[in-house]
$ cat start11.pdb   # PDB, C-alpha atoms
ATOM      1  CA  MET K   1     -41.103 -19.406  16.185
ATOM      2  CA  ALA K   2     -39.312 -17.774  13.296
ATOM      3  CA  GLN K   3     -35.900 -18.906  12.082
ATOM      4  CA  LEU K   4     -33.804 -15.729  12.229
ATOM      5  CA  THR K   5     -30.229 -14.777  11.516
ATOM      6  CA  MET K   6     -28.456 -12.718  14.152
ATOM      7  CA  ILE K   7     -28.839  -9.476  12.201
ATOM      8  CA  GLN K   8     -32.575 -10.147  11.861
ATOM      9  CA  ALA K   9     -32.842 -10.843  15.593
ATOM     10  CA  ILE K  10     -31.050  -7.573  16.380
ATOM     11  CA  SER K  11     -33.310  -5.620  14.015
ATOM     12  CA  ASN K  12     -36.375  -7.272  15.553
ATOM     13  CA  ALA K  13     -35.252  -6.321  19.078
ATOM     14  CA  MET K  14     -34.849  -2.656  18.145
ATOM     15  CA  ASP K  15     -38.215  -2.673  16.330
ATOM     16  CA  LEU K  16     -40.012  -4.046  19.387
ATOM     17  CA  GLU K  17     -38.360  -1.592  21.795
ATOM     18  CA  LEU K  18     -39.012   1.410  19.550
ATOM     19  CA  GLY K  19     -42.653   0.330  19.464
ATOM     20  CA  ARG K  20     -42.841  -0.230  23.230
ATOM     21  CA  ASP K  21     -41.233   2.974  24.483
ATOM     22  CA  GLU K  22     -41.366   6.340  22.690
ATOM     23  CA  LYS K  23     -38.278   7.428  24.633
ATOM     24  CA  VAL K  24     -36.151   4.953  22.662
ATOM     25  CA  LEU K  25     -34.275   6.699  19.839
ATOM     26  CA  LEU K  26     -32.000   5.197  17.188
ATOM     27  CA  PHE K  27     -29.294   7.107  15.368
ATOM     28  CA  GLY K  28     -25.905   6.797  13.698
ATOM     29  CA  GLU K  29     -24.227   6.954  10.305
ATOM     30  CA  ASP K  30     -26.548   5.730   7.500
ATOM     31  CA  VAL K  31     -29.021   4.055   9.863
ATOM     32  CA  GLY K  32     -32.012   5.973   8.467
ATOM     33  CA  GLN K  33     -33.280   5.607   4.929
ATOM     34  CA  SER K  34     -30.444   3.310   3.817
ATOM     35  CA  GLY K  35     -30.982   0.938   6.764
ATOM     36  CA  GLY K  36     -27.354   0.748   7.885
ATOM     37  CA  VAL K  37     -24.264  -0.922   6.440
ATOM     38  CA  PHE K  38     -25.547  -4.389   7.389
ATOM     39  CA  ARG K  39     -29.279  -3.556   7.081
ATOM     40  CA  ALA K  40     -29.840  -3.841  10.821
ATOM     41  CA  THR K  41     -32.073  -0.754  10.828
ATOM     42  CA  ASP K  42     -33.785  -1.386   7.505
ATOM     43  CA  GLY K  43     -37.338   0.007   7.492
ATOM     44  CA  LEU K  44     -37.224   1.430  11.017
ATOM     45  CA  GLN K  45     -37.092   5.099   9.970
ATOM     46  CA  LYS K  46     -40.115   4.619   7.720
ATOM     47  CA  LYS K  47     -42.000   2.945  10.596
ATOM     48  CA  TYR K  48     -41.056   5.309  13.450
ATOM     49  CA  GLY K  49     -40.239   8.569  11.672
ATOM     50  CA  VAL K  50     -37.184  10.751  11.190
ATOM     51  CA  GLU K  51     -37.443  12.234  14.692
ATOM     52  CA  ARG K  52     -36.807   8.833  16.321
ATOM     53  CA  VAL K  53     -34.623   7.052  13.732
ATOM     54  CA  PHE K  54     -32.183   9.372  12.030
ATOM     55  CA  ASP K  55     -28.792   9.757  10.361
ATOM     56  CA  THR K  56     -25.925  11.656  11.950
ATOM     57  CA  PRO K  57     -22.830  13.279  10.443
ATOM     58  CA  LEU K  58     -19.720  11.105  10.045
ATOM     59  CA  ALA K  59     -18.498  11.985  13.530
ATOM     60  CA  GLU K  60     -18.424   9.280  16.211
ATOM     61  CA  SER K  61     -17.623  11.804  18.939
ATOM     62  CA  GLY K  62     -20.785  13.694  17.990
ATOM     63  CA  ILE K  63     -22.876  10.492  18.054
ATOM     64  CA  ALA K  64     -21.634   9.613  21.528
ATOM     65  CA  GLY K  65     -22.057  13.186  22.802
ATOM     66  CA  LEU K  66     -25.608  13.343  21.500
ATOM     67  CA  ALA K  67     -26.354  10.039  23.234
ATOM     68  CA  THR K  68     -25.048  11.355  26.561
ATOM     69  CA  GLY K  69     -27.083  14.559  26.373
ATOM     70  CA  LEU K  70     -30.304  12.817  25.363
ATOM     71  CA  SER K  71     -29.963  10.096  27.975
ATOM     72  CA  ILE K  72     -29.691  12.493  30.925
ATOM     73  CA  GLN K  73     -32.839  14.196  29.606
ATOM     74  CA  GLY K  74     -34.803  10.969  29.917
ATOM     75  CA  PHE K  75     -34.386   9.381  26.487
ATOM     76  CA  ARG K  76     -32.988   5.893  25.809
ATOM     77  CA  PRO K  77     -30.668   6.275  22.808
ATOM     78  CA  ILE K  78     -29.408   3.387  20.689
ATOM     79  CA  ALA K  79     -26.263   4.883  19.160
ATOM     80  CA  GLU K  80     -24.613   2.948  16.345
ATOM     81  CA  ILE K  81     -20.837   3.147  15.923
ATOM     82  CA  GLN K  82     -20.565   1.967  12.327
ATOM     83  CA  PHE K  83     -17.502  -0.208  13.020
ATOM     84  CA  PHE K  84     -15.991  -0.885  16.440
ATOM     85  CA  GLY K  85     -12.540   0.206  15.291
ATOM     86  CA  PHE K  86     -13.870   3.773  15.032
ATOM     87  CA  VAL K  87     -14.690   3.888  18.760
ATOM     88  CA  PHE K  88     -11.514   5.778  19.667
ATOM     89  CA  GLU K  89     -13.096   8.912  18.185
ATOM     90  CA  ALA K  90     -15.857   8.609  20.795
ATOM     91  CA  MET K  91     -13.913   7.400  23.824
ATOM     92  CA  ASP K  92     -13.943  10.675  25.742
ATOM     93  CA  GLU K  93     -17.737  10.814  25.687
ATOM     94  CA  ILE K  94     -18.135   7.110  26.497
ATOM     95  CA  ALA K  95     -15.410   6.699  29.131
ATOM     96  CA  GLY K  96     -15.038  10.235  30.424
ATOM     97  CA  GLN K  97     -18.705  11.236  30.530
ATOM     98  CA  ALA K  98     -21.402   8.553  30.171
ATOM     99  CA  ALA K  99     -19.678   5.753  32.095
ATOM    100  CA  ARG K 100     -19.140   7.915  35.191
ATOM    101  CA  MET K 101     -22.326   9.999  35.128
ATOM    102  CA  ARG K 102     -24.120   8.042  37.878
ATOM    103  CA  TYR K 103     -21.102   8.272  40.215
ATOM    104  CA  ARG K 104     -20.332  11.905  39.366
ATOM    105  CA  SER K 105     -23.885  13.062  40.030
ATOM    106  CA  GLY K 106     -24.350  11.079  43.238
ATOM    107  CA  GLY K 107     -27.018   8.970  41.575
ATOM    108  CA  ARG K 108     -29.131  11.897  40.338
ATOM    109  CA  TYR K 109     -28.442  11.120  36.678
ATOM    110  CA  SER K 110     -27.714   7.983  34.713
ATOM    111  CA  CYS K 111     -27.058   7.326  31.040
ATOM    112  CA  PRO K 112     -29.327   4.554  29.685
ATOM    113  CA  ILE K 113     -27.478   4.300  26.362
ATOM    114  CA  VAL K 114     -26.842   1.309  24.140
ATOM    115  CA  TYR K 115     -23.825   1.695  21.866
ATOM    116  CA  ARG K 116     -24.060  -0.892  19.072
ATOM    117  CA  ALA K 117     -21.013  -1.761  16.969
ATOM    118  CA  PRO K 118     -20.054  -4.557  14.530
ATOM    119  CA  PHE K 119     -16.598  -6.061  14.917
ATOM    120  CA  GLY K 120     -14.660  -9.285  14.465
ATOM    121  CA  GLY K 121     -12.511 -11.166  11.999
ATOM    122  CA  GLY K 122     -12.988 -13.827   9.380
ATOM    123  CA  VAL K 123     -14.805 -11.633   6.857
ATOM    124  CA  LYS K 124     -11.782  -9.928   5.231
ATOM    125  CA  THR K 125     -12.594  -6.304   6.063
ATOM    126  CA  PRO K 126     -10.221  -3.346   5.610
ATOM    127  CA  GLU K 127      -8.019  -2.057   8.426
ATOM    128  CA  LEU K 128      -9.794  -0.845  11.616
ATOM    129  CA  HIS K 129     -13.033  -2.704  10.793
ATOM    130  CA  ALA K 130     -12.356  -6.062  12.489
ATOM    131  CA  ASP K 131     -10.446  -5.117  15.639
ATOM    132  CA  SER K 132     -11.496  -6.733  18.928
ATOM    133  CA  LEU K 133     -11.181  -3.859  21.408
ATOM    134  CA  GLU K 134     -13.577  -5.190  24.035
ATOM    135  CA  GLY K 135     -10.831  -5.351  26.649
ATOM    136  CA  VAL K 136     -10.439  -1.561  26.415
ATOM    137  CA  LEU K 137     -14.115  -1.060  27.188
ATOM    138  CA  ALA K 138     -14.318  -3.756  29.835
ATOM    139  CA  GLN K 139     -11.758  -1.986  31.994
ATOM    140  CA  MET K 140     -14.070   1.021  32.454
ATOM    141  CA  PRO K 141     -16.151   1.067  35.643
ATOM    142  CA  GLY K 142     -19.716   2.171  34.932
ATOM    143  CA  ILE K 143     -20.264   0.449  31.620
ATOM    144  CA  LYS K 144     -21.459  -3.053  30.757
ATOM    145  CA  VAL K 145     -20.106  -4.917  27.715
ATOM    146  CA  VAL K 146     -22.169  -7.565  25.921
ATOM    147  CA  VAL K 147     -21.033  -9.936  23.134
ATOM    148  CA  PRO K 148     -23.723 -12.370  21.904
ATOM    149  CA  SER K 149     -22.855 -15.550  20.005
ATOM    150  CA  ASN K 150     -26.241 -16.496  18.502
ATOM    151  CA  PRO K 151     -29.551 -14.954  17.328
ATOM    152  CA  TYR K 152     -31.636 -15.945  20.386
ATOM    153  CA  ASP K 153     -29.202 -14.384  22.852
ATOM    154  CA  ALA K 154     -28.657 -11.347  20.608
ATOM    155  CA  LYS K 155     -32.345 -10.403  20.725
ATOM    156  CA  GLY K 156     -32.808 -11.051  24.441
ATOM    157  CA  LEU K 157     -29.572  -9.383  25.465
ATOM    158  CA  LEU K 158     -30.209  -6.313  23.303
ATOM    159  CA  ILE K 159     -33.670  -5.816  24.805
ATOM    160  CA  SER K 160     -32.133  -6.120  28.275
ATOM    161  CA  ALA K 161     -29.479  -3.591  27.288
ATOM    162  CA  ILE K 162     -32.031  -1.078  25.988
ATOM    163  CA  ARG K 163     -34.015  -1.368  29.238
ATOM    164  CA  ASP K 164     -30.905  -1.057  31.428
ATOM    165  CA  ASP K 165     -30.502   2.265  33.251
ATOM    166  CA  ASP K 166     -26.739   2.506  32.638
ATOM    167  CA  PRO K 167     -24.594   2.516  29.475
ATOM    168  CA  VAL K 168     -24.167  -0.814  27.711
ATOM    169  CA  PHE K 169     -21.797  -1.504  24.827
ATOM    170  CA  PHE K 170     -23.328  -4.152  22.558
ATOM    171  CA  LEU K 171     -20.776  -5.806  20.266
ATOM    172  CA  GLU K 172     -21.990  -7.718  17.206
ATOM    173  CA  HIS K 173     -19.560 -10.102  15.510
ATOM    174  CA  MET K 174     -19.796  -9.575  11.739
ATOM    175  CA  LYS K 175     -19.095 -13.219  10.897
ATOM    176  CA  LEU K 176     -22.163 -14.250  12.899
ATOM    177  CA  TYR K 177     -24.576 -11.772  11.298
ATOM    178  CA  ARG K 178     -25.781 -14.178   8.603
ATOM    179  CA  SER K 179     -23.797 -17.382   9.206
ATOM    180  CA  PHE K 180     -26.706 -19.434  10.594
ATOM    181  CA  ARG K 181     -30.327 -19.234  11.697
ATOM    182  CA  GLN K 182     -31.946 -20.110  15.012
ATOM    183  CA  GLU K 183     -35.464 -20.244  16.409
ATOM    184  CA  VAL K 184     -36.275 -16.868  17.965
ATOM    185  CA  PRO K 185     -39.608 -15.981  19.641
ATOM    186  CA  GLU K 186     -41.575 -13.275  17.851
ATOM    187  CA  GLU K 187     -42.480 -11.482  21.068
ATOM    188  CA  ALA K 188     -40.134  -9.457  23.273
ATOM    189  CA  TYR K 189     -38.116 -11.342  25.898
ATOM    190  CA  THR K 190     -34.989 -10.635  27.890
ATOM    191  CA  VAL K 191     -31.754 -12.513  28.520
ATOM    192  CA  PRO K 192     -30.211 -11.188  31.756
ATOM    193  CA  LEU K 193     -27.001  -9.200  31.473
ATOM    194  CA  GLY K 194     -24.077 -10.607  33.449
ATOM    195  CA  GLN K 195     -25.065 -14.272  33.207
ATOM    196  CA  ALA K 196     -22.925 -16.800  31.318
ATOM    197  CA  LYS K 197     -24.358 -19.955  29.780
ATOM    198  CA  VAL K 198     -23.050 -23.520  29.644
ATOM    199  CA  VAL K 199     -23.593 -24.303  25.947
ATOM    200  CA  ARG K 200     -22.052 -27.777  26.102
ATOM    201  CA  GLU K 201     -21.889 -30.019  29.154
ATOM    202  CA  GLY K 202     -18.612 -31.806  29.927
ATOM    203  CA  LYS K 203     -16.622 -33.335  32.773
ATOM    204  CA  ASP K 204     -12.910 -33.345  31.824
ATOM    205  CA  VAL K 205     -11.996 -29.740  30.951
ATOM    206  CA  THR K 206     -13.738 -26.333  30.668
ATOM    207  CA  ILE K 207     -13.402 -24.033  27.639
ATOM    208  CA  ILE K 208     -14.468 -20.424  28.312
ATOM    209  CA  SER K 209     -15.090 -17.970  25.480
ATOM    210  CA  TYR K 210     -17.515 -15.410  23.982
ATOM    211  CA  GLY K 211     -18.737 -14.152  20.601
ATOM    212  CA  ALA K 212     -17.695 -16.058  17.483
ATOM    213  CA  MET K 213     -15.011 -17.975  19.382
ATOM    214  CA  VAL K 214     -17.754 -19.887  21.207
ATOM    215  CA  HIS K 215     -18.375 -21.730  17.933
ATOM    216  CA  THR K 216     -14.651 -22.424  17.530
ATOM    217  CA  ALA K 217     -14.644 -23.860  21.054
ATOM    218  CA  GLU K 218     -17.668 -26.040  20.311
ATOM    219  CA  LYS K 219     -16.043 -27.415  17.148
ATOM    220  CA  ALA K 220     -12.892 -28.313  19.085
ATOM    221  CA  ALA K 221     -14.928 -29.927  21.869
ATOM    222  CA  GLU K 222     -16.936 -31.948  19.360
ATOM    223  CA  GLU K 223     -13.795 -33.157  17.580
ATOM    224  CA  TRP K 224     -12.147 -34.147  20.858
ATOM    225  CA  ALA K 225     -15.201 -36.060  21.976
ATOM    226  CA  LYS K 226     -15.166 -38.039  18.696
ATOM    227  CA  THR K 227     -11.442 -38.700  18.412
ATOM    228  CA  ARG K 228     -10.287 -38.798  22.037
ATOM    229  CA  GLY K 229     -13.365 -39.569  24.053
ATOM    230  CA  ILE K 230     -12.630 -36.536  26.229
ATOM    231  CA  SER K 231     -15.556 -34.469  27.432
ATOM    232  CA  ALA K 232     -15.114 -30.682  27.272
ATOM    233  CA  GLU K 233     -17.565 -28.242  28.820
ATOM    234  CA  VAL K 234     -18.025 -24.981  26.894
ATOM    235  CA  ILE K 235     -19.109 -21.741  28.587
ATOM    236  CA  ASP K 236     -20.354 -18.713  26.636
ATOM    237  CA  LEU K 237     -19.705 -15.619  28.758
ATOM    238  CA  ARG K 238     -22.308 -13.521  26.828
ATOM    239  CA  THR K 239     -21.444 -10.500  29.034
ATOM    240  CA  ILE K 240     -17.750  -9.726  29.524
ATOM    241  CA  ARG K 241     -18.297  -6.823  31.922
ATOM    242  CA  PRO K 242     -19.354  -7.952  34.456
ATOM    243  CA  ILE K 243     -18.059 -11.525  34.103
ATOM    244  CA  ASP K 244     -20.175 -14.295  35.590
ATOM    245  CA  ILE K 245     -17.427 -15.884  37.683
ATOM    246  CA  GLU K 246     -19.882 -18.094  39.610
ATOM    247  CA  THR K 247     -20.719 -20.162  36.522
ATOM    248  CA  ILE K 248     -17.022 -20.443  35.651
ATOM    249  CA  VAL K 249     -15.985 -21.546  39.136
ATOM    250  CA  ALA K 250     -18.795 -24.114  39.319
ATOM    251  CA  SER K 251     -17.543 -25.647  36.060
ATOM    252  CA  VAL K 252     -13.883 -25.618  37.102
ATOM    253  CA  LYS K 253     -14.766 -27.349  40.370
ATOM    254  CA  LYS K 254     -16.300 -30.107  38.233
ATOM    255  CA  THR K 255     -13.663 -30.470  35.492
ATOM    256  CA  HIS K 256     -10.489 -29.310  37.349
ATOM    257  CA  ARG K 257      -8.954 -27.977  34.110
ATOM    258  CA  ALA K 258      -9.660 -24.911  31.970
ATOM    259  CA  VAL K 259      -8.616 -22.992  28.878
ATOM    260  CA  VAL K 260      -9.834 -19.508  27.914
ATOM    261  CA  LEU K 261     -10.274 -18.556  24.263
ATOM    262  CA  GLN K 262     -10.527 -15.030  22.859
ATOM    263  CA  GLU K 263     -10.265 -13.364  19.446
ATOM    264  CA  ALA K 264      -8.551 -10.251  20.782
ATOM    265  CA  GLN K 265      -4.774 -10.003  21.122
ATOM    266  CA  ARG K 266      -3.294 -11.899  24.050
ATOM    267  CA  THR K 267      -2.075  -9.240  26.493
ATOM    268  CA  ALA K 268      -4.357  -7.655  29.122
ATOM    269  CA  GLY K 269      -7.560  -9.009  27.628
ATOM    270  CA  ILE K 270     -10.700 -10.739  28.856
ATOM    271  CA  ALA K 271      -8.938 -14.111  28.926
ATOM    272  CA  ALA K 272      -6.311 -12.732  31.306
ATOM    273  CA  GLU K 273      -9.069 -11.461  33.604
ATOM    274  CA  VAL K 274     -10.852 -14.833  33.582
ATOM    275  CA  VAL K 275      -7.589 -16.664  34.392
ATOM    276  CA  ALA K 276      -6.923 -14.267  37.285
ATOM    277  CA  GLN K 277     -10.393 -14.753  38.752
ATOM    278  CA  ILE K 278     -10.154 -18.551  38.476
ATOM    279  CA  ASN K 279      -6.839 -18.394  40.337
ATOM    280  CA  GLU K 280      -8.371 -16.212  43.042
ATOM    281  CA  GLN K 281     -11.470 -18.335  43.592
ATOM    282  CA  ALA K 282     -10.769 -21.899  42.451
ATOM    283  CA  ILE K 283      -7.020 -22.527  42.389
ATOM    284  CA  PHE K 284      -7.215 -25.432  44.847
ATOM    285  CA  TYR K 285      -9.584 -27.270  42.489
ATOM    286  CA  LEU K 286      -7.168 -27.070  39.525
ATOM    287  CA  GLU K 287      -5.042 -30.012  38.381
ATOM    288  CA  ALA K 288      -3.216 -27.929  35.719
ATOM    289  CA  PRO K 289      -2.511 -24.250  35.021
ATOM    290  CA  VAL K 290      -5.268 -22.396  33.136
ATOM    291  CA  LEU K 291      -4.150 -21.611  29.566
ATOM    292  CA  ARG K 292      -5.053 -18.728  27.242
ATOM    293  CA  ILE K 293      -5.634 -19.119  23.509
ATOM    294  CA  ALA K 294      -5.435 -15.823  21.613
ATOM    295  CA  PRO K 295      -3.866 -14.223  18.537
ATOM    296  CA  PRO K 296      -0.396 -12.690  18.840
ATOM    297  CA  ASP K 297       0.158  -9.145  20.116
ATOM    298  CA  THR K 298       0.277  -7.512  16.695
ATOM    299  CA  ILE K 299      -1.860  -4.995  14.843
ATOM    300  CA  TYR K 300      -4.860  -6.804  13.338
ATOM    301  CA  PRO K 301      -3.467  -8.216  10.058
ATOM    302  CA  PHE K 302      -4.454  -7.518   6.479
ATOM    303  CA  ALA K 303      -7.065  -9.833   4.952
ATOM    304  CA  MET K 304      -4.641 -12.155   3.134
ATOM    305  CA  ILE K 305      -3.192 -13.508   6.396
ATOM    306  CA  GLU K 306      -6.256 -13.121   8.614
ATOM    307  CA  ASP K 307      -6.969 -16.874   8.694
ATOM    308  CA  GLU K 308      -3.425 -17.567   9.920
ATOM    309  CA  TRP K 309      -3.814 -15.056  12.744
ATOM    310  CA  LEU K 310      -7.179 -16.019  14.208
ATOM    311  CA  PRO K 311      -7.502 -18.928  16.684
ATOM    312  CA  THR K 312      -8.767 -22.148  15.105
ATOM    313  CA  PRO K 313     -10.269 -25.386  16.476
ATOM    314  CA  LYS K 314      -6.871 -26.990  15.825
ATOM    315  CA  ARG K 315      -5.165 -24.459  18.122
ATOM    316  CA  VAL K 316      -7.809 -25.031  20.783
ATOM    317  CA  MET K 317      -7.225 -28.793  20.574
ATOM    318  CA  SER K 318      -3.493 -28.240  20.923
ATOM    319  CA  ALA K 319      -4.100 -26.281  24.139
ATOM    320  CA  LEU K 320      -6.464 -28.979  25.388
ATOM    321  CA  GLU K 321      -3.772 -31.570  24.722
ATOM    322  CA  LYS K 322      -1.322 -29.589  26.834
ATOM    323  CA  VAL K 323      -3.765 -29.053  29.708
ATOM    324  CA  MET K 324      -4.868 -32.679  29.768
ATOM    325  CA  SER K 325      -1.274 -33.949  29.783
ATOM    326  CA  LEU K 326      -0.419 -32.147  33.034
TER     327      LEU K 326
END
$ encode --input "start11.pdb" --output "structure tokens"
Amino acid sequence: MAQLTMIQAISNAMDLELGRDEKVLLFGEDVGQSGGVFRATDGLQKKYGVERVFDTPLAESGIAGLATGLSIQGFRPIAEIQFFGFVFEAMDEIAGQAARMRYRSGGRYSCPIVYRAPFGGGVKTPELHADSLEGVLAQMPGIKVVVPSNPYDAKGLLISAIRDDDPVFFLEHMKLYRSFRQEVPEEAYTVPLGQAKVVREGKDVTIISYGAMVHTAEKAAEEWAKTRGISAEVIDLRTIRPIDIETIVASVKKTHRAVVLQEAQRTAGIAAEVVAQINEQAIFYLEAPVLRIAPPDTIYPFAMIEDEWLPTPKRVMSALEKVMSL
């Protein structure tokens, strides 16, 4: 197997699906000849032609509208939003049209669209480029939201998303694009949407997260195992809409304590939803309240104070200390 970065795994997934199904189209700002801001689409226009891989005007609402129209005509668009913070320009098409098309039409039409967008902190981008807005999307019925944390999952989840018959928002954390490599099969494979993964086994406390924060959770768990002899289980949600509550509850029944870690601001986010579902389905197995670890409820900060704002392994360990002391 090849050792791929996450951006290479994502590019490979799109290449394979464009080659497998002529109904798959890829478009967005600068995705054609230039290969995209992060080179995710490098070489794909040359390989599949300008009718299947093409640039659009700088208009996210137009990209999303084009995706809706093509999808109900039988195509499978991969629409790139150049940075997730620009998604507000396209929200009417995504939330008001594509997400509700199956319900509105009584099942006669669906919108098999993948919206790809880079996001996430730790890389010192300008304003509106790093924002974690996944909670906004996850509240919409009719749309799935995927956030991979490693190259293997990124390829398998993206292929699953492209083959899904309903809209999927695929969020790619910029810090993970080239931060490490992982063995990835050369052939096409799928990772099921809606299934979390236990990435580290443990028995004393459960840490639940997704995206780049999975690695922060793993670092904290590793440090606690070395210094405190306490065993933390780490769960990577992988899909945040729908959330795989069965895997979470099974872990909580084993460890009896949990913390939830997210990169988005604290209020009304994915962590709050996970805490609510644990309370609904596993409260009698808990020996301490479930805690959230998240940045403060402020606008995403400028680059010079970004590292102070984002959750760190030290903050995770502080939360673990509190949960374990109860």
$ resolve_selection --input "start11.pdb" --expression "the PyMOL selection byres ((chain K and resi 66-72) around 9)" --output "list of chain:residue names"
K:Phe27, K:Ser61, K:Gly62, K:Ile63, K:Ala64, K:Gly65, K:Gln73, K:Gly74, K:Phe75, K:Arg76, K:Pro77, K:Ile78, K:Ala79, K:Glu93, K:Ile94, K:Gln97, K:Ala98, K:Met101, K:Tyr109, K:Ser110, K:Cys111, K:Pro112, K:Ile113, K:Val114, K:Tyr115
$ axis_aligned_box --input "start11.pdb" --around "region 113-122 of chain K" --padding-each-side "5 Å" --output "lines of an AutoDock Vina configuration file"
center_x = -20.0
center_y = -4.8
center_z = 17.9
size_x = 25.0
size_y = 28.1
size_z = 27.0
$ residues_around --input "start11.pdb" --residues "region 201-218 of chain K" --least-positions-apart "3" --cutoff "6 Å" --atoms "all atoms listed in the file" --output "PyMOL selection string"
chain K and resi 147-149+221+231-238+255+257-261+313
$ residues_around --input "start11.pdb" --residues "Val275 (chain K)" --least-positions-apart "4" --cutoff "7 Å" --atoms "only C-alpha atoms" --output "ChimeraX atom specification"
/K:271,279,290
$ residues_around --input "start11.pdb" --residues "Arg266 (chain K)" --least-positions-apart "3" --cutoff "10 Å" --atoms "only C-alpha atoms" --output "list in words"
Leu261, Gln262, Glu263, Gly269, Ile270, Ala271, Ala272, Arg292, Ile293, Ala294, Pro295, Pro296, Asp297 and Thr298 of chain K
$ atom_distance --input "start11.pdb" --atom1 "CA of His129 (chain K)" --atom2 "CA of Gly35 (chain K)"
18.8 Å
$ closest_residue --input "start11.pdb" --among "K:Pro289, K:Gly36, K:Gly49, K:Pro311" --to "Leu326 (chain K)" --atoms "only C-alpha atoms"
K:Pro289
$ closest_residue --input "start11.pdb" --among "K:Tyr103, K:Gly121, K:Arg108, K:Leu171" --to "Pro141 (chain K)" --atoms "all atoms listed in the file"
K:Tyr103
$ decode --input "start11.pdb" --residues "region 46-51 of chain K" --atoms "all heavy atoms" --output "compact mmCIF listing (two decimals), in the first residue's frame"
# COMPACT_ATOMS: atom_id res chain seq x y z
N LYS K 46 -7.04 17.64 -16.66
CA LYS K 46 -6.29 17.11 -17.82
C LYS K 46 -6.71 15.67 -18.10
O LYS K 46 -6.80 15.25 -19.25
CB LYS K 46 -4.79 17.19 -17.54
CG LYS K 46 -3.93 16.78 -18.72
CD LYS K 46 -2.45 16.97 -18.40
CE LYS K 46 -1.60 16.59 -19.61
NZ LYS K 46 -0.14 16.75 -19.30
N LYS K 47 -6.98 14.90 -17.06
CA LYS K 47 -7.32 13.48 -17.22
C LYS K 47 -8.76 13.26 -17.67
O LYS K 47 -9.04 12.36 -18.47
CB LYS K 47 -7.07 12.75 -15.89
CG LYS K 47 -7.20 11.24 -15.96
CD LYS K 47 -6.73 10.61 -14.66
CE LYS K 47 -6.80 9.08 -14.73
NZ LYS K 47 -6.31 8.46 -13.47
N TYR K 48 -9.69 14.09 -17.15
CA TYR K 48 -11.12 13.83 -17.41
C TYR K 48 -11.79 14.90 -18.27
O TYR K 48 -12.97 14.76 -18.61
CB TYR K 48 -11.86 13.67 -16.08
CG TYR K 48 -11.39 12.46 -15.32
CD1 TYR K 48 -10.52 12.62 -14.23
CD2 TYR K 48 -11.75 11.18 -15.70
CE1 TYR K 48 -10.05 11.51 -13.54
CE2 TYR K 48 -11.28 10.07 -15.02
CZ TYR K 48 -10.44 10.24 -13.93
OH TYR K 48 -9.96 9.15 -13.26
N GLY K 49 -11.07 15.96 -18.61
CA GLY K 49 -11.61 16.96 -19.53
C GLY K 49 -12.34 18.09 -18.84
O GLY K 49 -12.79 17.97 -17.70
N VAL K 50 -12.48 19.20 -19.60
CA VAL K 50 -13.06 20.42 -19.03
C VAL K 50 -14.57 20.32 -18.87
O VAL K 50 -15.19 21.16 -18.21
CB VAL K 50 -12.73 21.64 -19.91
CG1 VAL K 50 -11.24 21.90 -19.92
CG2 VAL K 50 -13.25 21.44 -21.34
N GLU K 51 -15.20 19.31 -19.47
CA GLU K 51 -16.65 19.16 -19.29
C GLU K 51 -16.99 18.45 -17.98
O GLU K 51 -18.13 18.50 -17.53
CB GLU K 51 -17.26 18.40 -20.47
CG GLU K 51 -17.20 19.19 -21.77
CD GLU K 51 -17.95 18.51 -22.89
OE1 GLU K 51 -18.33 17.32 -22.72
OE2 GLU K 51 -18.15 19.15 -23.94
